[in-house]
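Enquirer: One file is attached below, data_15.cif, containing mmCIF, C-alpha atoms.
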```
data_work
loop_
_atom_site.label_atom_id
_atom_site.label_comp_id
_atom_site.auth_asym_id
_atom_site.auth_seq_id
_atom_site.Cartn_x
_atom_site.Cartn_y
_atom_site.Cartn_z
CA MET Q 1 4.73 175.60 145.98
CA ASN Q 2 8.21 174.24 146.54
CA ALA Q 3 10.06 177.26 147.91
CA LYS Q 4 13.40 175.49 148.07
CA LYS Q 5 13.52 175.48 144.26
CA LEU Q 6 14.53 179.10 144.47
CA LEU Q 7 17.91 177.84 145.58
CA ALA Q 8 18.56 175.93 142.38
CA GLY Q 9 20.81 178.76 141.23
CA THR Q 10 23.14 179.15 144.23
CA ALA Q 11 22.97 179.60 147.93
CA ALA Q 12 20.76 182.64 148.36
CA LEU Q 13 18.37 185.29 147.17
CA THR Q 14 16.26 188.31 147.89
CA LEU Q 15 15.23 191.58 146.49
CA GLY Q 16 13.74 193.86 148.66
CA ALA Q 17 12.49 196.08 151.31
CA VAL Q 18 13.57 197.55 154.62
CA SER Q 19 13.57 201.00 156.43
CA LEU Q 20 15.63 203.30 158.63
CA ALA Q 21 15.77 206.01 161.15
CA ALA Q 22 18.74 206.80 163.27
CA CYS Q 23 21.25 204.35 161.88
CA SER Q 24 22.45 203.48 165.34
CA GLY Q 25 22.43 199.95 166.62
CA GLY Q 26 20.23 200.73 169.61
CA ASP Q 27 21.06 200.00 173.21
CA GLY Q 28 21.36 196.24 172.97
CA GLY Q 29 19.52 193.86 175.24
CA ASP Q 30 16.48 191.64 175.14
CA SER Q 31 12.72 192.16 175.05
CA GLY Q 32 11.55 194.46 177.84
CA ASP Q 33 14.69 196.64 177.84
CA ALA Q 34 14.60 200.23 176.60
CA THR Q 35 15.74 199.48 173.07
CA THR Q 36 15.53 201.21 169.71
CA LEU Q 37 15.55 199.27 166.46
CA SER Q 38 16.19 201.21 163.29
CA PHE Q 39 14.48 199.63 160.29
CA TRP Q 40 14.95 200.34 156.58
CA HIS Q 41 12.45 199.22 153.95
CA ASN Q 42 11.60 200.27 150.40
CA SER Q 43 7.82 200.70 150.59
CA THR Q 44 7.48 204.45 150.29
CA THR Q 45 3.73 204.71 149.64
CA GLY Q 46 0.37 203.02 150.01
CA ASP Q 47 -0.49 199.71 151.63
CA GLY Q 48 3.11 198.54 151.89
CA LYS Q 49 4.22 201.57 153.87
CA ALA Q 50 1.14 201.26 156.10
CA TYR Q 51 1.82 197.56 156.62
CA TRP Q 52 5.28 198.14 158.07
CA GLU Q 53 4.00 200.93 160.30
CA ASP Q 54 1.36 198.55 161.64
CA MET Q 55 3.86 195.72 162.17
CA ALA Q 56 6.17 198.06 164.08
CA ALA Q 57 3.30 199.25 166.27
CA GLN Q 58 2.20 195.69 167.04
CA PHE Q 59 5.74 194.64 167.94
CA GLU Q 60 6.20 197.67 170.18
CA GLU Q 61 2.93 196.89 171.99
CA ALA Q 62 4.00 193.29 172.56
CA ASN Q 63 7.47 194.34 173.73
CA PRO Q 64 7.25 197.28 176.16
CA GLY Q 65 10.33 199.48 176.06
CA VAL Q 66 11.07 198.72 172.42
CA THR Q 67 10.85 201.49 169.82
CA ILE Q 68 11.13 200.82 166.09
CA GLU Q 69 12.25 203.80 164.03
CA ILE Q 70 11.31 203.42 160.38
CA GLN Q 71 12.61 205.05 157.23
CA ALA Q 72 11.15 204.13 153.85
CA ILE Q 73 13.71 204.43 151.06
CA GLN Q 74 12.98 204.37 147.34
CA ASN Q 75 13.83 200.92 145.98
CA GLU Q 76 16.35 202.15 143.41
CA ASP Q 77 18.24 204.05 146.14
CA MET Q 78 18.25 201.23 148.69
CA ASP Q 79 21.34 199.25 147.68
CA GLY Q 80 23.66 202.22 147.53
CA LYS Q 81 22.47 203.80 150.79
CA LEU Q 82 22.60 200.47 152.62
CA GLN Q 83 26.10 199.61 151.40
CA THR Q 84 27.36 203.04 152.43
CA ALA Q 85 25.86 202.61 155.91
CA LEU Q 86 27.29 199.11 156.29
CA ASN Q 87 30.74 200.21 155.22
CA ALA Q 88 30.59 203.14 157.65
CA GLY Q 89 29.71 200.82 160.55
CA ASP Q 90 26.51 202.79 161.10
CA ALA Q 91 23.91 200.52 159.54
CA PRO Q 92 20.21 200.10 160.38
CA ASP Q 93 19.46 197.26 162.77
CA VAL Q 94 17.00 195.62 160.37
CA PHE Q 95 17.76 195.81 156.67
CA MET Q 96 17.16 194.32 153.25
CA ALA Q 97 19.52 191.44 152.49
CA ARG Q 98 20.53 190.27 149.04
CA GLY Q 99 21.17 186.63 148.35
CA GLY Q 100 23.88 185.05 146.28
CA GLY Q 101 27.13 186.95 145.97
CA LYS Q 102 25.68 190.06 147.62
CA LEU Q 103 24.81 188.22 150.81
CA ALA Q 104 28.09 186.29 150.80
CA ASP Q 105 30.05 189.54 150.45
CA THR Q 106 28.17 191.06 153.40
CA VAL Q 107 28.83 187.96 155.51
CA ALA Q 108 32.52 187.96 154.57
CA ALA Q 109 32.75 191.60 155.63
CA GLY Q 110 31.30 190.77 159.06
CA GLN Q 111 28.35 193.12 158.57
CA VAL Q 112 25.36 190.82 159.17
CA MET Q 113 24.26 188.80 162.21
CA ASP Q 114 24.30 185.00 162.28
CA ILE Q 115 20.77 184.19 163.47
CA SER Q 116 20.94 180.42 162.98
CA ASP Q 117 20.30 179.56 166.63
CA ALA Q 118 17.63 182.23 167.18
CA ILE Q 119 15.15 181.31 164.45
CA THR Q 120 12.12 179.72 166.12
CA ASP Q 121 10.72 176.34 165.20
CA GLU Q 122 7.53 178.09 164.08
CA THR Q 123 9.47 180.31 161.69
CA ARG Q 124 11.45 177.38 160.31
CA ALA Q 125 8.28 175.36 159.73
CA GLY Q 126 6.45 178.24 158.04
CA LEU Q 127 9.25 179.45 155.78
CA GLY Q 128 10.47 175.94 155.01
CA GLY Q 129 12.98 175.62 152.20
CA SER Q 130 12.87 179.34 151.38
CA LEU Q 131 15.07 179.99 154.45
CA ALA Q 132 17.95 178.55 152.47
CA ALA Q 133 17.84 181.81 150.52
CA PHE Q 134 19.72 183.38 153.41
CA GLU Q 135 22.20 180.61 154.08
CA VAL Q 136 25.93 181.02 153.62
CA ASP Q 137 28.21 178.10 154.51
CA GLY Q 138 25.38 176.39 156.38
CA LYS Q 139 24.56 179.37 158.60
CA ASN Q 140 21.46 181.55 158.36
CA TYR Q 141 21.64 185.34 158.08
CA GLY Q 142 18.03 186.39 157.53
CA VAL Q 143 14.41 185.43 156.92
CA THR Q 144 12.44 185.40 153.69
CA SER Q 145 9.26 187.42 153.31
CA SER Q 146 8.20 186.56 149.77
CA VAL Q 147 9.22 184.33 146.88
CA LEU Q 148 9.51 186.25 143.63
CA PRO Q 149 9.69 184.30 140.39
CA GLU Q 150 9.70 186.39 137.21
CA GLY Q 151 7.62 186.42 134.06
CA ILE Q 152 6.00 188.71 131.51
CA PHE Q 153 2.96 190.49 132.92
CA TYR Q 154 0.45 191.53 130.28
CA SER Q 155 -2.95 193.13 129.71
CA GLN Q 156 -5.48 190.56 128.53
CA ASP Q 157 -7.73 193.33 127.20
CA LEU Q 158 -4.95 194.75 125.01
CA PHE Q 159 -4.05 191.29 123.77
CA ASP Q 160 -7.70 190.65 122.88
CA ALA Q 161 -7.98 193.99 121.07
CA ALA Q 162 -4.87 193.17 119.03
CA GLY Q 163 -6.24 189.74 118.07
CA ILE Q 164 -3.66 187.79 120.07
CA THR Q 165 -5.41 184.58 121.05
CA GLU Q 166 -2.50 182.69 122.64
CA THR Q 167 0.35 183.88 124.82
CA PRO Q 168 3.77 183.70 123.14
CA GLY Q 169 5.69 180.51 123.81
CA THR Q 170 8.76 181.41 121.74
CA ILE Q 171 10.65 184.61 121.02
CA ASP Q 172 9.44 184.49 117.40
CA GLU Q 173 5.86 184.35 118.67
CA LEU Q 174 6.59 187.28 121.00
CA ILE Q 175 7.89 189.30 118.05
CA ASP Q 176 4.70 188.50 116.12
CA ALA Q 177 2.60 189.60 119.10
CA ASN Q 178 4.59 192.84 119.33
CA GLU Q 179 3.79 193.63 115.70
CA LYS Q 180 0.06 193.05 116.26
CA LEU Q 181 0.09 195.28 119.31
CA ARG Q 182 1.80 198.12 117.45
CA GLU Q 183 -0.73 197.78 114.64
CA SER Q 184 -3.49 198.13 117.24
CA GLY Q 185 -1.96 201.40 118.48
CA VAL Q 186 -0.36 200.10 121.67
CA GLU Q 187 3.30 199.96 122.63
CA PRO Q 188 4.20 196.29 123.09
CA ILE Q 189 6.63 196.09 126.03
CA ALA Q 190 7.37 198.65 128.74
CA VAL Q 191 10.94 198.77 130.09
CA GLY Q 192 12.28 201.07 132.80
CA ALA Q 193 15.84 201.22 131.48
CA LYS Q 194 16.58 204.45 133.37
CA ASP Q 195 17.00 202.26 136.44
CA ALA Q 196 19.25 199.81 134.51
CA TRP Q 197 18.21 196.56 136.20
CA PRO Q 198 14.81 196.23 134.44
CA ALA Q 199 16.54 196.33 131.06
CA ALA Q 200 19.25 193.98 132.27
CA HIS Q 201 16.61 191.43 133.22
CA TRP Q 202 15.99 190.90 129.51
CA TYR Q 203 19.62 189.84 129.21
CA TYR Q 204 19.29 187.62 132.30
CA ASN Q 205 16.43 185.74 130.70
CA PHE Q 206 18.14 185.29 127.36
CA ALA Q 207 21.14 183.95 129.30
CA LEU Q 208 18.78 181.61 131.16
CA ARG Q 209 17.74 180.18 127.80
CA GLU Q 210 21.24 180.06 126.27
CA CYS Q 211 23.28 178.86 129.28
CA SER Q 212 22.96 175.62 131.21
CA GLN Q 213 22.27 175.64 134.92
CA ASP Q 214 25.79 174.31 135.56
CA VAL Q 215 27.39 177.13 133.58
CA MET Q 216 25.37 179.78 135.41
CA ASN Q 217 26.24 178.25 138.78
CA ALA Q 218 29.93 178.08 137.85
CA ALA Q 219 29.87 181.78 137.00
CA ALA Q 220 28.65 182.46 140.53
CA GLU Q 221 31.98 181.07 141.75
CA THR Q 222 34.26 182.65 139.14
CA ARG Q 223 32.11 185.78 138.66
CA SER Q 224 33.18 185.86 135.04
CA PHE Q 225 31.59 184.93 131.72
CA GLU Q 226 33.78 182.45 129.88
CA ASP Q 227 31.28 180.15 128.16
CA ASP Q 228 30.11 181.11 124.66
CA CYS Q 229 26.51 181.09 125.86
CA TRP Q 230 26.94 184.50 127.49
CA LEU Q 231 27.83 186.09 124.17
CA ARG Q 232 24.97 184.28 122.43
CA ALA Q 233 22.59 185.76 125.00
CA SER Q 234 23.93 189.24 124.24
CA GLU Q 235 23.42 188.66 120.53
CA ASP Q 236 19.90 187.36 121.14
CA LEU Q 237 19.03 190.54 123.02
CA GLN Q 238 20.54 192.75 120.35
CA ASP Q 239 18.55 190.94 117.63
CA PHE Q 240 15.37 191.23 119.68
CA VAL Q 241 15.81 194.95 120.32
CA GLU Q 242 16.24 195.53 116.59
CA THR Q 243 12.59 194.45 116.17
CA ASP Q 244 11.53 197.59 118.15
CA PRO Q 245 9.73 195.79 120.98
CA PHE Q 246 10.01 198.44 123.73
CA ASN Q 247 8.16 201.64 124.54
CA SER Q 248 9.38 204.86 122.99
CA GLY Q 249 11.82 206.56 125.32
CA PHE Q 250 12.46 203.38 127.29
CA LEU Q 251 16.04 204.45 128.01
CA THR Q 252 14.76 207.38 130.10
CA THR Q 253 11.76 205.55 131.58
CA SER Q 254 11.89 204.67 135.27
CA ALA Q 255 10.65 201.31 136.51
CA GLN Q 256 8.14 201.92 139.27
CA GLN Q 257 7.81 205.63 139.97
CA GLY Q 258 4.61 207.22 138.70
CA ALA Q 259 2.21 206.77 135.81
CA GLY Q 260 4.97 207.34 133.27
CA SER Q 261 7.11 204.48 134.62
CA SER Q 262 7.19 201.10 132.91
CA ALA Q 263 4.81 199.68 135.52
CA GLY Q 264 2.62 202.77 135.10
CA LEU Q 265 2.43 202.31 131.33
CA LEU Q 266 1.03 198.82 131.84
CA ALA Q 267 -1.21 199.98 134.70
CA ASN Q 268 -2.77 202.59 132.39
CA HIS Q 269 -3.00 200.41 129.26
CA GLN Q 270 -0.40 202.45 127.39
CA ALA Q 271 1.81 199.38 126.99
CA ALA Q 272 0.77 195.75 126.86
CA MET Q 273 3.59 193.93 128.69
CA GLU Q 274 6.38 194.21 131.24
CA LEU Q 275 9.03 191.67 132.27
CA MET Q 276 9.14 191.78 136.07
CA GLY Q 277 9.13 189.80 139.31
CA GLY Q 278 6.29 188.79 141.59
CA TRP Q 279 6.06 192.19 143.31
CA ASN Q 280 4.71 193.77 140.11
CA PRO Q 281 0.93 193.35 140.65
CA GLY Q 282 1.15 195.44 143.80
CA VAL Q 283 3.22 198.14 142.10
CA ILE Q 284 0.83 198.20 139.12
CA ALA Q 285 -2.20 198.45 141.42
CA SER Q 286 -0.74 201.54 143.07
CA LEU Q 287 -0.45 203.21 139.64
CA THR Q 288 -3.89 202.53 138.14
CA PRO Q 289 -6.31 205.49 138.02
CA ASP Q 290 -8.34 204.11 140.95
CA GLU Q 291 -5.31 202.61 142.73
CA GLN Q 292 -6.92 199.18 142.49
CA PRO Q 293 -5.51 195.95 141.02
CA LEU Q 294 -5.49 195.85 137.22
CA ALA Q 295 -8.45 193.60 136.49
CA ASP Q 296 -7.11 192.15 133.24
CA LEU Q 297 -3.52 191.56 134.41
CA ALA Q 298 -2.17 188.12 133.52
CA LEU Q 299 1.23 186.50 133.08
CA PHE Q 300 3.17 184.11 130.86
CA PRO Q 301 6.70 182.70 131.34
CA PHE Q 302 9.64 184.11 129.42
CA PRO Q 303 9.49 182.56 125.92
CA GLU Q 304 11.78 179.81 124.73
CA ILE Q 305 14.50 180.09 122.07
CA SER Q 306 15.91 177.52 119.66
CA GLY Q 307 19.19 175.76 120.37
CA GLY Q 308 19.93 177.08 123.84
CA ASP Q 309 21.49 175.02 126.63
CA GLY Q 310 19.03 176.09 129.34
CA ALA Q 311 16.27 173.71 130.40
CA PRO Q 312 12.86 174.57 128.91
CA GLY Q 313 10.62 176.14 131.52
CA ALA Q 314 13.42 177.38 133.77
CA ILE Q 315 12.70 180.83 135.19
CA MET Q 316 14.49 183.68 136.91
CA GLY Q 317 13.57 184.54 140.48
CA GLY Q 318 14.52 185.80 143.87
CA ALA Q 319 13.12 186.38 147.32
CA ASP Q 320 12.57 189.42 149.48
CA GLY Q 321 13.83 189.16 153.00
CA TYR Q 322 15.28 190.84 156.06
CA ALA Q 323 18.44 190.57 158.11
CA CYS Q 324 19.97 192.07 161.26
CA TRP Q 325 23.10 194.18 161.36
CA VAL Q 326 25.90 192.40 163.18
CA ASN Q 327 25.77 194.95 166.04
CA ALA Q 328 21.97 195.08 166.32
CA PRO Q 329 20.26 194.42 169.66
CA ASP Q 330 19.36 190.79 170.28
CA ILE Q 331 15.67 191.61 170.01
CA CYS Q 332 16.20 192.24 166.30
CA VAL Q 333 15.85 188.50 165.73
CA ASP Q 334 12.59 188.50 167.70
CA PHE Q 335 11.29 191.04 165.19
CA LEU Q 336 12.33 188.81 162.28
CA ASN Q 337 10.47 185.87 163.85
CA PHE Q 338 7.45 188.14 164.46
CA ILE Q 339 7.16 189.22 160.81
CA SER Q 340 7.48 185.58 159.66
CA THR Q 341 4.33 184.26 161.38
CA LYS Q 342 1.35 183.07 159.35
CA GLU Q 343 -0.74 186.09 160.35
CA ALA Q 344 1.99 188.60 159.57
CA GLN Q 345 2.73 186.92 156.26
CA GLU Q 346 -0.94 186.90 155.26
CA GLY Q 347 -1.00 190.64 155.85
CA TYR Q 348 2.24 191.02 153.88
CA ALA Q 349 0.80 189.12 150.91
CA GLU Q 350 -2.31 191.28 150.87
CA ALA Q 351 -0.48 194.59 151.35
CA PHE Q 352 2.13 193.89 148.67
CA GLN Q 353 0.01 191.64 146.42
CA THR Q 354 2.76 189.07 146.25
CA ILE Q 355 3.49 185.42 147.09
CA PRO Q 356 4.43 185.12 150.79
CA ALA Q 357 7.33 182.92 151.81
CA ASN Q 358 5.33 181.29 154.63
CA VAL Q 359 3.60 178.35 152.94
CA ASP Q 360 0.75 178.47 155.45
CA ALA Q 361 -0.06 182.02 154.33
CA GLN Q 362 -0.12 181.36 150.59
CA GLY Q 363 -3.84 180.60 150.58
CA VAL Q 364 -4.58 184.34 150.60
CA VAL Q 365 -3.09 184.75 147.10
CA THR Q 366 -6.06 185.24 144.77
CA ASP Q 367 -4.63 187.57 142.12
CA PRO Q 368 -4.87 185.75 138.76
CA ALA Q 369 -1.48 186.99 137.55
CA LEU Q 370 0.20 185.78 140.74
CA GLN Q 371 -1.59 182.45 140.44
CA ASP Q 372 -0.23 182.16 136.88
CA LEU Q 373 3.22 183.00 138.20
CA ALA Q 374 2.92 180.46 140.99
CA ALA Q 375 1.96 177.80 138.44
CA ALA Q 376 4.98 178.61 136.25
CA TYR Q 377 7.17 178.48 139.35
CA ALA Q 378 5.77 175.12 140.41
CA GLU Q 379 6.39 173.65 136.96
CA ALA Q 380 9.91 175.07 136.50
CA PRO Q 381 12.79 172.56 136.53
CA TYR Q 382 14.84 175.18 138.39
CA VAL Q 383 14.72 178.86 139.32
CA MET Q 384 17.88 180.89 138.74
CA LEU Q 385 18.64 183.86 140.97
CA TRP Q 386 18.82 187.36 139.46
CA LEU Q 387 22.30 187.63 137.97
CA ASP Q 388 23.20 190.95 139.60
CA THR Q 389 22.35 189.39 142.97
CA MET Q 390 24.01 186.06 142.28
CA TYR Q 391 27.27 187.53 141.06
CA GLY Q 392 27.67 190.27 143.68
CA GLN Q 393 27.31 194.04 143.57
CA ASN Q 394 30.45 194.94 141.60
CA VAL Q 395 29.95 192.41 138.83
CA GLY Q 396 26.17 192.90 138.89
CA ASN Q 397 26.40 196.66 138.47
CA ALA Q 398 28.89 196.29 135.62
CA LEU Q 399 26.57 193.81 133.89
CA ASN Q 400 23.49 195.99 134.24
CA LEU Q 401 25.20 199.11 132.93
CA ALA Q 402 26.78 197.24 130.01
CA VAL Q 403 23.35 195.96 128.93
CA VAL Q 404 21.92 199.48 128.97
CA ASP Q 405 24.93 200.77 127.02
CA MET Q 406 24.28 198.22 124.29
CA LEU Q 407 20.58 199.07 124.17
CA ALA Q 408 21.53 202.74 123.85
CA GLY Q 409 23.79 201.98 120.90
CA ASN Q 410 26.96 202.68 122.85
CA GLY Q 411 28.08 199.08 123.35
CA SER Q 412 28.05 195.67 121.79
CA PRO Q 413 27.31 192.04 122.70
CA GLU Q 414 31.02 191.51 123.21
CA ALA Q 415 31.20 194.54 125.51
CA ILE Q 416 28.69 192.99 127.92
CA VAL Q 417 30.89 189.94 128.39
CA GLN Q 418 34.02 192.06 128.64
CA ALA Q 419 32.46 194.33 131.27
CA VAL Q 420 31.66 191.37 133.50
CA ASN Q 421 35.10 189.81 133.10
CA ASP Q 422 36.80 193.16 133.80
CA ALA Q 423 34.71 193.67 136.94
CA ALA Q 424 35.55 190.15 138.12
CA LEU Q 425 39.28 190.84 137.75
CA ARG Q 426 38.94 194.05 139.76
CA GLY Q 427 37.24 192.04 142.52
#
```
Turn this file's structure into structure tokens for me.

Expert:
Amino acid sequence: MNAKKLLAGTAALTLGAVSLAACSGGDGGDSGDATTLSFWHNSTTGDGKAYWEDMAAQFEEANPGVTIEIQAIQNEDMDGKLQTALNAGDAPDVFMARGGGKLADTVAAGQVMDISDAITDETRAGLGGSLAAFEVDGKNYGVTSSVLPEGIFYSQDLFDAAGITETPGTIDELIDANEKLRESGVEPIAVGAKDAWPAAHWYYNFALRECSQDVMNAAAETRSFEDDCWLRASEDLQDFVETDPFNSGFLTTSAQQGAGSSAGLLANHQAAMELMGGWNPGVIASLTPDEQPLADLALFPFPEISGGDGAPGAIMGGADGYACWVNAPDICVDFLNFISTKEAQEGYAEAFQTIPANVDAQGVVTDPALQDLAAAYAEAPYVMLWLDTMYGQNVGNALNLAVVDMLAGNGSPEAIVQAVNDAALRG
């Protein structure tokens, strides 16, 4: 897998996890000193939460005098809490970093540590090109933990029961599949629009099909939507939603919290599909009745459309990763190197059921859906970063909310474009 392809969109990516405690920067100093590292992550339950507790314990044992204080924060709350802490100058020492415009904004504000000279040769060799996800102006501000391309996860059993013999390769074929699924008594596609971003990802992918790579990259600089392709993508989404593809009540459905979430609907065979990133198999597994991986889970790339400017096979994606607060103790970087080793990354892949960033650890990935996703990633001409990450928090939030407004009948295709342009003017 060529991890550097994740950078085809712009300079950086990530998505997320990190934890807290006392949001103080610790005492400073190197390994062996009495030092506290506060650590924020978003794994609030199950194997992921246990993994970070184990990693902290191992690091403490190897570094006497170091204490890691962890707080697990619900994913949908992470961005807001972290930004508030950063702005207050009271951030956790280790935290989730966003690539693209989000990372660049944090760097410009002087809130994240330049770790370029402290990354070990072992870490650089293992993470390879994926490290570029955390580069801004040639300097590195974090490490990657997983690469997260996106696709449509689906239940093979529900497809078989509905008589769907081939995965949809075009939007028209997806609409046909949706009709067969409804006729079989199953809701076609689960969407957690209550959390905004899952619904907005449908717009991202239509934009990926309508807009060229150059246009999407240019928008990362201007943070505005001026090309006609952005409006065409809005119209595509509106037309698609009019075919009734989503679960009933999708506007009030959460993404990953409980059996009634969009991931839970797929986990319990109440819906057949969900558009999501490479973390989804682990989330789904935590929501099945036996809390085991969904045996029939598979994946296909987002379908193609006719007449768009995007390259066929291009996919959306990102990367999870971790960074150090600018005032964190020096040993913070030692922790980042520690969690990037082959052994740590193998454990990460198994705990989160995802594709690890360390190429030497990717052999532990056996989940069929992740293998399908890895294949789509390997074949993609480029991988474009999530738009809300690429274009920064202000523009990204405006985009996500405008998409949900349109889906709720309170907006229009034109309003999505206008919302982004207005947010860009406000800075």

Enquirer: For each of Q:Ala88, Q:Ala357, Q:Ala133, Q:Ala57, take the minimum atom-to-atom distance to Thr389 in chain Q, counting all atoms listed in the file, then give the residue where this is smallest.

Expert: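 Under the stated criterion, the closest residue is Q:Ala133.
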
Enquirer: Measuring atom to atom with all atoms listed in the file, identify which of Q:Met273, Q:Gly282, Q:Ala218, Q:Val136 is nearest to Thr167 in chain Q.

Expert: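 The shortest atom-to-atom distance to Thr167 in chain Q comes from Q:Met273.
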
Enquirer: Asp360 in chain Q: which residues within 9 Å, counting all atoms listed in the file, same-chain residues fewer than 4 positions away excluded, as a ChimeraX atom specification?

Expert: /Q:126-127,342,345-346,356

Enquirer: Those same residues, written as a CSV table (one decimal), keeping the file's coordinate frame with C-alpha atoms?

Expert:
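Saved file again39.csv follows:
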```
chain,number,residue,atom,x,y,z
Q,126,GLY,CA,6.4,178.2,158.0
Q,127,LEU,CA,9.2,179.4,155.8
Q,342,LYS,CA,1.4,183.1,159.4
Q,345,GLN,CA,2.7,186.9,156.3
Q,346,GLU,CA,-0.9,186.9,155.3
Q,356,PRO,CA,4.4,185.1,150.8
```

Enquirer: Decode the PyMOL selection byres ((chain Q and resi 169) around 6) for the given file into explicit residues and return them as a list of chain:residue names.

Expert: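 On the file shown, the PyMOL selection byres ((chain Q and resi 169) around 6) covers Q:Pro168, Q:Thr170, Q:Pro303.
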
Enquirer: My list of candidates is Q:Gly409, Q:Gly277, Q:Gly151, Q:Gly308. Which is closest to Trp197 in chain Q when distances are computed with all atoms listed in the file?

Expert: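 Using all atoms listed in the file, Trp197 in chain Q sits closest to Q:Gly277.
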
Enquirer: Residues picked by the PyMOL selection byres ((chain Q and resi 255) around 7) here, as an MDAnalysis selection string?

Expert: chainID Q and resid 191:192 195 198 253:254 256:257 261:263

Enquirer: Which is closest to His269 in chain Q among Q:Met96, Q:Leu158, Q:Val326, Q:Val333, if we use all atoms listed in the file?

Expert: Q:Leu158

Enquirer: I need the output of the PyMOL selection byres ((chain Q and resi 214) around 12) for this file as number ranges by chain; which residues are they?

Expert: Q: 8-10, 208, 210-213, 215-221, 227, 229, 309-311, 382, 384

Enquirer: Would you mind exporting the chosen residues as a compact mmCIF listing (two decimals), in the frame of the given file, restricted to C-alpha atoms?

Expert:
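Result file out.txt:
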```
# COMPACT_ATOMS: atom_id res chain seq x y z
CA ALA Q 8 18.56 175.93 142.38
CA GLY Q 9 20.81 178.76 141.23
CA THR Q 10 23.14 179.15 144.23
CA LEU Q 208 18.78 181.61 131.16
CA GLU Q 210 21.24 180.06 126.27
CA CYS Q 211 23.28 178.86 129.28
CA SER Q 212 22.96 175.62 131.21
CA GLN Q 213 22.27 175.64 134.92
CA VAL Q 215 27.39 177.13 133.58
CA MET Q 216 25.37 179.78 135.41
CA ASN Q 217 26.24 178.25 138.78
CA ALA Q 218 29.93 178.08 137.85
CA ALA Q 219 29.87 181.78 137.00
CA ALA Q 220 28.65 182.46 140.53
CA GLU Q 221 31.98 181.07 141.75
CA ASP Q 227 31.28 180.15 128.16
CA CYS Q 229 26.51 181.09 125.86
CA ASP Q 309 21.49 175.02 126.63
CA GLY Q 310 19.03 176.09 129.34
CA ALA Q 311 16.27 173.71 130.40
CA TYR Q 382 14.84 175.18 138.39
CA MET Q 384 17.88 180.89 138.74
```

Enquirer: How many Å separate CA of Val364 in chain Q from CA of Asp334 in chain Q?

Expert: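 These two atoms are separated by 24.6 Å.
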
Enquirer: Using only C-alpha atoms, which of Q:Met78, Q:Ile171, Q:Val420, Q:Ala351 sits nearest Asp236 in chain Q?

Expert: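 Looking at the shortest contact to Asp236 in chain Q, the residue is Q:Ile171.
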
Enquirer: Mind listing as an mmCIF file with C-alpha atoms, keeping the file's coordinate frame all residues within 10 Å of (30.0, 196.5, 127.6), counting all atoms listed in the file?

Expert:
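Output below, filename out-v5.cif:
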```
data_model
loop_
_atom_site.group_PDB
_atom_site.id
_atom_site.type_symbol
_atom_site.label_atom_id
_atom_site.label_comp_id
_atom_site.auth_asym_id
_atom_site.auth_seq_id
_atom_site.Cartn_x
_atom_site.Cartn_y
_atom_site.Cartn_z
ATOM 1 C CA ALA Q 398 28.890 196.290 135.620
ATOM 2 C CA LEU Q 399 26.570 193.810 133.890
ATOM 3 C CA ASN Q 400 23.490 195.990 134.240
ATOM 4 C CA LEU Q 401 25.200 199.110 132.930
ATOM 5 C CA ALA Q 402 26.780 197.240 130.010
ATOM 6 C CA VAL Q 403 23.350 195.960 128.930
ATOM 7 C CA VAL Q 404 21.920 199.480 128.970
ATOM 8 C CA ASP Q 405 24.930 200.770 127.020
ATOM 9 C CA MET Q 406 24.280 198.220 124.290
ATOM 10 C CA ASN Q 410 26.960 202.680 122.850
ATOM 11 C CA GLY Q 411 28.080 199.080 123.350
ATOM 12 C CA SER Q 412 28.050 195.670 121.790
ATOM 13 C CA PRO Q 413 27.310 192.040 122.700
ATOM 14 C CA GLU Q 414 31.020 191.510 123.210
ATOM 15 C CA ALA Q 415 31.200 194.540 125.510
ATOM 16 C CA ILE Q 416 28.690 192.990 127.920
ATOM 17 C CA VAL Q 417 30.890 189.940 128.390
ATOM 18 C CA GLN Q 418 34.020 192.060 128.640
ATOM 19 C CA ALA Q 419 32.460 194.330 131.270
ATOM 20 C CA VAL Q 420 31.660 191.370 133.500
ATOM 21 C CA ASP Q 422 36.800 193.160 133.800
#
```

Enquirer: Could you work out how far CA of Leu294 in chain Q lies from CA of Asn280 in chain Q, giving the answer in Å with one decimal?

Expert: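 So the answer is 10.8 Å.
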
Enquirer: Is it possible to get the axis-aligned box enclosing range 344-363 of chain Q (all listed atoms, 6 Å extra per side) as lines of an AutoDock Vina configuration file, with centre and edge lengths in Å rounded to one decimal?

Expert:
```
center_x = 1.7
center_y = 186.5
center_z = 152.9
size_x = 23.2
size_y = 28.2
size_z = 25.3
```

Enquirer: What lies within 10 Å of Asp114 in chain Q using all atoms listed in the file, ignoring chain neighbours under 4 positions off, as a list of chain:residue names?

Expert: Q:Val107, Q:Gly110, Q:Ala118, Q:Glu135, Q:Val136, Q:Lys139, Q:Asn140, Q:Tyr141, Q:Gly142, Q:Ala323, Q:Cys324, Q:Trp325, Q:Val326, Q:Val333

Enquirer: Keeping only C-alpha atoms, write the selected residues to a file as a CSV table (one decimal), in the frame of the given file.

Expert:
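For reference, part12.csv as written:
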```csv
chain,number,residue,atom,x,y,z
Q,107,VAL,CA,28.8,188.0,155.5
Q,110,GLY,CA,31.3,190.8,159.1
Q,118,ALA,CA,17.6,182.2,167.2
Q,135,GLU,CA,22.2,180.6,154.1
Q,136,VAL,CA,25.9,181.0,153.6
Q,139,LYS,CA,24.6,179.4,158.6
Q,140,ASN,CA,21.5,181.6,158.4
Q,141,TYR,CA,21.6,185.3,158.1
Q,142,GLY,CA,18.0,186.4,157.5
Q,323,ALA,CA,18.4,190.6,158.1
Q,324,CYS,CA,20.0,192.1,161.3
Q,325,TRP,CA,23.1,194.2,161.4
Q,326,VAL,CA,25.9,192.4,163.2
Q,333,VAL,CA,15.8,188.5,165.7
```
